[in-house]
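To keep things clear, I will list the structure first and then write my remarks on it.
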Amino acid sequence: MPSTKSCVLSVIAATALASSSLQSADAFSPATFIPKPTTTSLTTRFAEEKPAEAVFMPPDAETAAEEGESEPSIGLDAVEKLGKGAAKAKRGKRKGGSAAPSPTKAAVTLAPEEVYYEGPPAITETIVPTISILTVIGIIPAAAAWARQAWVRYKITSRRIRVTSGIGGKDMAEIVWPDVVEIRTAKRLFGDGDLVAFLRDGAKFEMRNIPEFESAMEFILDQVDADVAKQYRQKGDVTSPN
């Protein structure tokens with residue numbers, strides 16, 4: 001029995017020695033490394049890349065001088081002529097007139113309008129018709145004369161003559177002095193007078209019983225053209241002998 005027990009012990013010891021030797025051999029064997037795959041997203045890659053910064057490089061003085069010589073500068077007047085100013089200038093030349101207004105027209109436009117007379121015809125036109133009321137025939141002329149006093153208004157200014165008539169002044173006739181080419185007048189008994197103006201278009205403009213006729217004609221002759229005034233002084237007054 002002692003021999004059998006010793007044999008079993010020797011077998012167990014041999015088995016333990018063999019297993020220990022195998023473990024020591026595994027411990028000294030080289031280890032095998034398996035790399036782990038790495039994934040990099042596109043967002044991380046673009047975030048790491050920095051955009052290039054823009055840098056302003058001023059041109060050289062020589063280059064700027066050459067460009068200034070090759071491209072002439074355009075003034076403000078030239079720019080205005082390229083726009084509405086050019087159209088206005090061409091329109092003025094097409095019509096035969098200058099683009100800028102004449103000094104005379106500018107002075108007339110800027111000068112305030114002076115009113116010489118504004119009111120009804122001379123009251124003397126009612127004298128004879130009123131006396132004629134004593135007869136049956138004179139009633140109608142008297143009524144017409146007083147109706148003119150109530151409804152007719154003359155306005156003589158430094159720019160025009162205006163005549164309003166009718167009930168409430170609904171009818172109006174007006175002329176401006178540049179349109180007058182000839183003037184004829186006739187004086188009346190009590191210091192008033194009648195005027196006929198001939199216009200450029202062939203029309204006629206009449207005023208009857210102008211009050212203070214002599215001074216009114218002096219004012220009118222100062223407003224019309226010099227040739228029209230000269231012609232009137234020679235033969236315009238039909239009541240005065242030549």
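Within each chain, counting starts at residue 1; across the structure tokens, chains are named A, B, ... in the order shown, with ligands numbered 1 upward in that order.
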Residues within 10 Å of A:Gly166, only C-alpha atoms, excluding chain neighbours under 4 positions, as a PyMOL selection string: chain A and resi 147-148+150-153+170-172
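Taking atom CA of A:Ile175 as the reference point, atom CA of A:Gly202 is found at 12.8 Å.
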Residues near A:Tyr154, cut-off 9 Å, only C-alpha atoms, skip fewer than 4 positions along chain, as a list of chain:residue names: A:Tyr117, A:Glu118, A:Gly119, A:Pro120, A:Pro121, A:Ile161, A:Arg162, A:Val163, A:Thr164, A:Met207, A:Ile210
Please save all heavy atoms of the selected residues as a PDB file, in the first residue's frame.
ATOM      1  N   TYR A 117     -55.033 148.655 -62.969  1.00  0.00           N
ATOM      2  CA  TYR A 117     -56.445 148.961 -62.732  1.00  0.00           C
ATOM      3  C   TYR A 117     -57.234 147.660 -62.645  1.00  0.00           C
ATOM      4  O   TYR A 117     -57.000 146.725 -63.407  1.00  0.00           O
ATOM      5  CB  TYR A 117     -57.011 149.829 -63.859  1.00  0.00           C
ATOM      6  CG  TYR A 117     -58.492 150.105 -63.715  1.00  0.00           C
ATOM      7  CD1 TYR A 117     -58.960 151.046 -62.801  1.00  0.00           C
ATOM      8  CD2 TYR A 117     -59.434 149.412 -64.467  1.00  0.00           C
ATOM      9  CE1 TYR A 117     -60.315 151.295 -62.652  1.00  0.00           C
ATOM     10  CE2 TYR A 117     -60.787 149.652 -64.325  1.00  0.00           C
ATOM     11  CZ  TYR A 117     -61.232 150.591 -63.412  1.00  0.00           C
ATOM     12  OH  TYR A 117     -62.571 150.833 -63.258  1.00  0.00           O
ATOM     13  N   GLU A 118     -58.180 147.653 -61.719  1.00  0.00           N
ATOM     14  CA  GLU A 118     -59.092 146.531 -61.585  1.00  0.00           C
ATOM     15  C   GLU A 118     -60.441 147.066 -61.120  1.00  0.00           C
ATOM     16  O   GLU A 118     -60.561 147.600 -60.016  1.00  0.00           O
ATOM     17  CB  GLU A 118     -58.563 145.501 -60.583  1.00  0.00           C
ATOM     18  CG  GLU A 118     -59.412 144.241 -60.497  1.00  0.00           C
ATOM     19  CD  GLU A 118     -58.782 143.169 -59.617  1.00  0.00           C
ATOM     20  OE1 GLU A 118     -57.743 143.453 -58.998  1.00  0.00           O
ATOM     21  OE2 GLU A 118     -59.329 142.046 -59.575  1.00  0.00           O
ATOM     22  N   GLY A 119     -61.439 146.948 -61.978  1.00  0.00           N
ATOM     23  CA  GLY A 119     -62.748 147.470 -61.631  1.00  0.00           C
ATOM     24  C   GLY A 119     -63.673 147.517 -62.843  1.00  0.00           C
ATOM     25  O   GLY A 119     -63.353 146.984 -63.912  1.00  0.00           O
ATOM     26  N   PRO A 120     -64.818 148.176 -62.720  1.00  0.00           N
ATOM     27  CA  PRO A 120     -65.798 148.233 -63.813  1.00  0.00           C
ATOM     28  C   PRO A 120     -65.393 149.263 -64.862  1.00  0.00           C
ATOM     29  O   PRO A 120     -64.439 150.038 -64.669  1.00  0.00           O
ATOM     30  CB  PRO A 120     -67.087 148.660 -63.091  1.00  0.00           C
ATOM     31  CG  PRO A 120     -66.602 149.472 -61.936  1.00  0.00           C
ATOM     32  CD  PRO A 120     -65.323 148.843 -61.490  1.00  0.00           C
ATOM     33  N   PRO A 121     -66.088 149.304 -65.989  1.00  0.00           N
ATOM     34  CA  PRO A 121     -65.836 150.370 -66.968  1.00  0.00           C
ATOM     35  C   PRO A 121     -66.148 151.742 -66.364  1.00  0.00           C
ATOM     36  O   PRO A 121     -66.678 151.867 -65.260  1.00  0.00           O
ATOM     37  CB  PRO A 121     -66.790 150.024 -68.115  1.00  0.00           C
ATOM     38  CG  PRO A 121     -67.112 148.575 -67.923  1.00  0.00           C
ATOM     39  CD  PRO A 121     -67.065 148.323 -66.462  1.00  0.00           C
ATOM     40  N   ILE A 161     -54.201 141.686 -69.913  1.00  0.00           N
ATOM     41  CA  ILE A 161     -55.488 142.362 -69.765  1.00  0.00           C
ATOM     42  C   ILE A 161     -56.546 141.265 -69.657  1.00  0.00           C
ATOM     43  O   ILE A 161     -56.583 140.351 -70.480  1.00  0.00           O
ATOM     44  CB  ILE A 161     -55.811 143.288 -70.949  1.00  0.00           C
ATOM     45  CG1 ILE A 161     -54.861 144.474 -70.975  1.00  0.00           C
ATOM     46  CG2 ILE A 161     -57.237 143.789 -70.854  1.00  0.00           C
ATOM     47  CD1 ILE A 161     -55.130 145.423 -72.133  1.00  0.00           C
ATOM     48  N   ARG A 162     -57.414 141.399 -68.656  1.00  0.00           N
ATOM     49  CA  ARG A 162     -58.469 140.406 -68.450  1.00  0.00           C
ATOM     50  C   ARG A 162     -59.808 141.128 -68.346  1.00  0.00           C
ATOM     51  O   ARG A 162     -59.924 142.128 -67.636  1.00  0.00           O
ATOM     52  CB  ARG A 162     -58.210 139.604 -67.184  1.00  0.00           C
ATOM     53  CG  ARG A 162     -59.286 138.570 -66.875  1.00  0.00           C
ATOM     54  CD  ARG A 162     -58.970 137.847 -65.580  1.00  0.00           C
ATOM     55  NE  ARG A 162     -57.715 137.105 -65.697  1.00  0.00           N
ATOM     56  CZ  ARG A 162     -57.122 136.500 -64.661  1.00  0.00           C
ATOM     57  NH1 ARG A 162     -57.666 136.580 -63.457  1.00  0.00           N
ATOM     58  NH2 ARG A 162     -55.991 135.844 -64.843  1.00  0.00           N
ATOM     59  N   VAL A 163     -60.799 140.567 -69.045  1.00  0.00           N
ATOM     60  CA  VAL A 163     -62.154 141.107 -69.007  1.00  0.00           C
ATOM     61  C   VAL A 163     -63.090 139.982 -68.604  1.00  0.00           C
ATOM     62  O   VAL A 163     -63.167 138.952 -69.289  1.00  0.00           O
ATOM     63  CB  VAL A 163     -62.567 141.693 -70.372  1.00  0.00           C
ATOM     64  CG1 VAL A 163     -64.008 142.198 -70.296  1.00  0.00           C
ATOM     65  CG2 VAL A 163     -61.629 142.817 -70.785  1.00  0.00           C
ATOM     66  N   THR A 164     -63.785 140.160 -67.489  1.00  0.00           N
ATOM     67  CA  THR A 164     -64.798 139.202 -67.048  1.00  0.00           C
ATOM     68  C   THR A 164     -66.171 139.833 -67.198  1.00  0.00           C
ATOM     69  O   THR A 164     -66.354 141.021 -66.923  1.00  0.00           O
ATOM     70  CB  THR A 164     -64.563 138.802 -65.577  1.00  0.00           C
ATOM     71  OG1 THR A 164     -64.559 139.981 -64.763  1.00  0.00           O
ATOM     72  CG2 THR A 164     -63.245 138.082 -65.424  1.00  0.00           C
ATOM     73  N   MET A 207     -62.037 146.615 -75.706  1.00  0.00           N
ATOM     74  CA  MET A 207     -62.401 147.152 -74.392  1.00  0.00           C
ATOM     75  C   MET A 207     -63.064 148.512 -74.615  1.00  0.00           C
ATOM     76  O   MET A 207     -62.498 149.366 -75.307  1.00  0.00           O
ATOM     77  CB  MET A 207     -61.178 147.305 -73.485  1.00  0.00           C
ATOM     78  CG  MET A 207     -60.506 146.005 -73.097  1.00  0.00           C
ATOM     79  SD  MET A 207     -59.035 146.278 -72.075  1.00  0.00           S
ATOM     80  CE  MET A 207     -59.778 146.948 -70.579  1.00  0.00           C
ATOM     81  N   ILE A 210     -62.756 152.634 -71.114  1.00  0.00           N
ATOM     82  CA  ILE A 210     -61.649 152.467 -70.164  1.00  0.00           C
ATOM     83  C   ILE A 210     -61.526 153.752 -69.358  1.00  0.00           C
ATOM     84  O   ILE A 210     -61.359 154.834 -69.920  1.00  0.00           O
ATOM     85  CB  ILE A 210     -60.335 152.153 -70.897  1.00  0.00           C
ATOM     86  CG1 ILE A 210     -60.482 150.872 -71.722  1.00  0.00           C
ATOM     87  CG2 ILE A 210     -59.180 152.013 -69.914  1.00  0.00           C
ATOM     88  CD1 ILE A 210     -59.285 150.566 -72.601  1.00  0.00           C
TER      89      ILE A 210
END
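Proximity to A:Glu218 was assessed for A:Arg233, A:Ala142, A:Glu114, A:Val196 counting only C-alpha atoms; the smallest distance is recorded for A:Arg233.
Between A:Ser240 and the candidates A:Gln223, A:Thr185, A:Thr135, A:Asn209, the tightest atom-to-atom separation, counting only C-alpha atoms, involves A:Thr185.
With only C-alpha atoms as the atoms that count, the minimum distance from A:Ser132 to the choices A:Val115, A:Ile156, A:Ala173, A:Ala145 is reached by A:Ala145.
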Expected answer as an MDAnalysis selection string: strand (DSSP E) residues in stretch 131-165 of chain A: chainID A and resid 153:157 160:165
Residue selection dump (C-alpha atoms) as an mmCIF file, in the first residue's frame:
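In the end it all went to result-v7.cif:
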data_model
loop_
_atom_site.group_PDB
_atom_site.id
_atom_site.type_symbol
_atom_site.label_atom_id
_atom_site.label_comp_id
_atom_site.auth_asym_id
_atom_site.auth_seq_id
_atom_site.Cartn_x
_atom_site.Cartn_y
_atom_site.Cartn_z
ATOM 1 C CA ARG A 153 -64.730 143.936 -64.686
ATOM 2 C CA TYR A 154 -61.479 145.075 -66.257
ATOM 3 C CA LYS A 155 -58.054 144.086 -64.971
ATOM 4 C CA ILE A 156 -54.969 145.721 -66.485
ATOM 5 C CA THR A 157 -51.599 144.463 -65.195
ATOM 6 C CA ARG A 160 -52.031 140.879 -69.272
ATOM 7 C CA ILE A 161 -55.488 142.362 -69.765
ATOM 8 C CA ARG A 162 -58.469 140.406 -68.450
ATOM 9 C CA VAL A 163 -62.154 141.107 -69.007
ATOM 10 C CA THR A 164 -64.798 139.202 -67.048
ATOM 11 C CA SER A 165 -68.482 139.548 -67.862
#
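Distances to A:Ala216 were evaluated for A:Leu195, A:Leu134, A:Leu189, A:Ala203 using only C-alpha atoms, and the minimum falls at A:Leu195.
Excluding A:Lys204 itself and same-chain residues fewer than 2 positions from it, the residues having an atom within 10 Å of it are Ile175, Val180, Glu182, Ile183, Val196, Ala197, Phe198, Leu199, Arg200, Asp201, Gly202 and Glu206 of chain A, counting only C-alpha atoms.
Residues surrounding stretch 128-130 of chain A within 9 Å are Thr124, Leu134, Gly138, Ile139, Ile140, Pro141, Ala142, Ala143, Ala144, Ala145 and Trp146 of chain A [only C-alpha atoms; sequence separation below 4 positions excluded].
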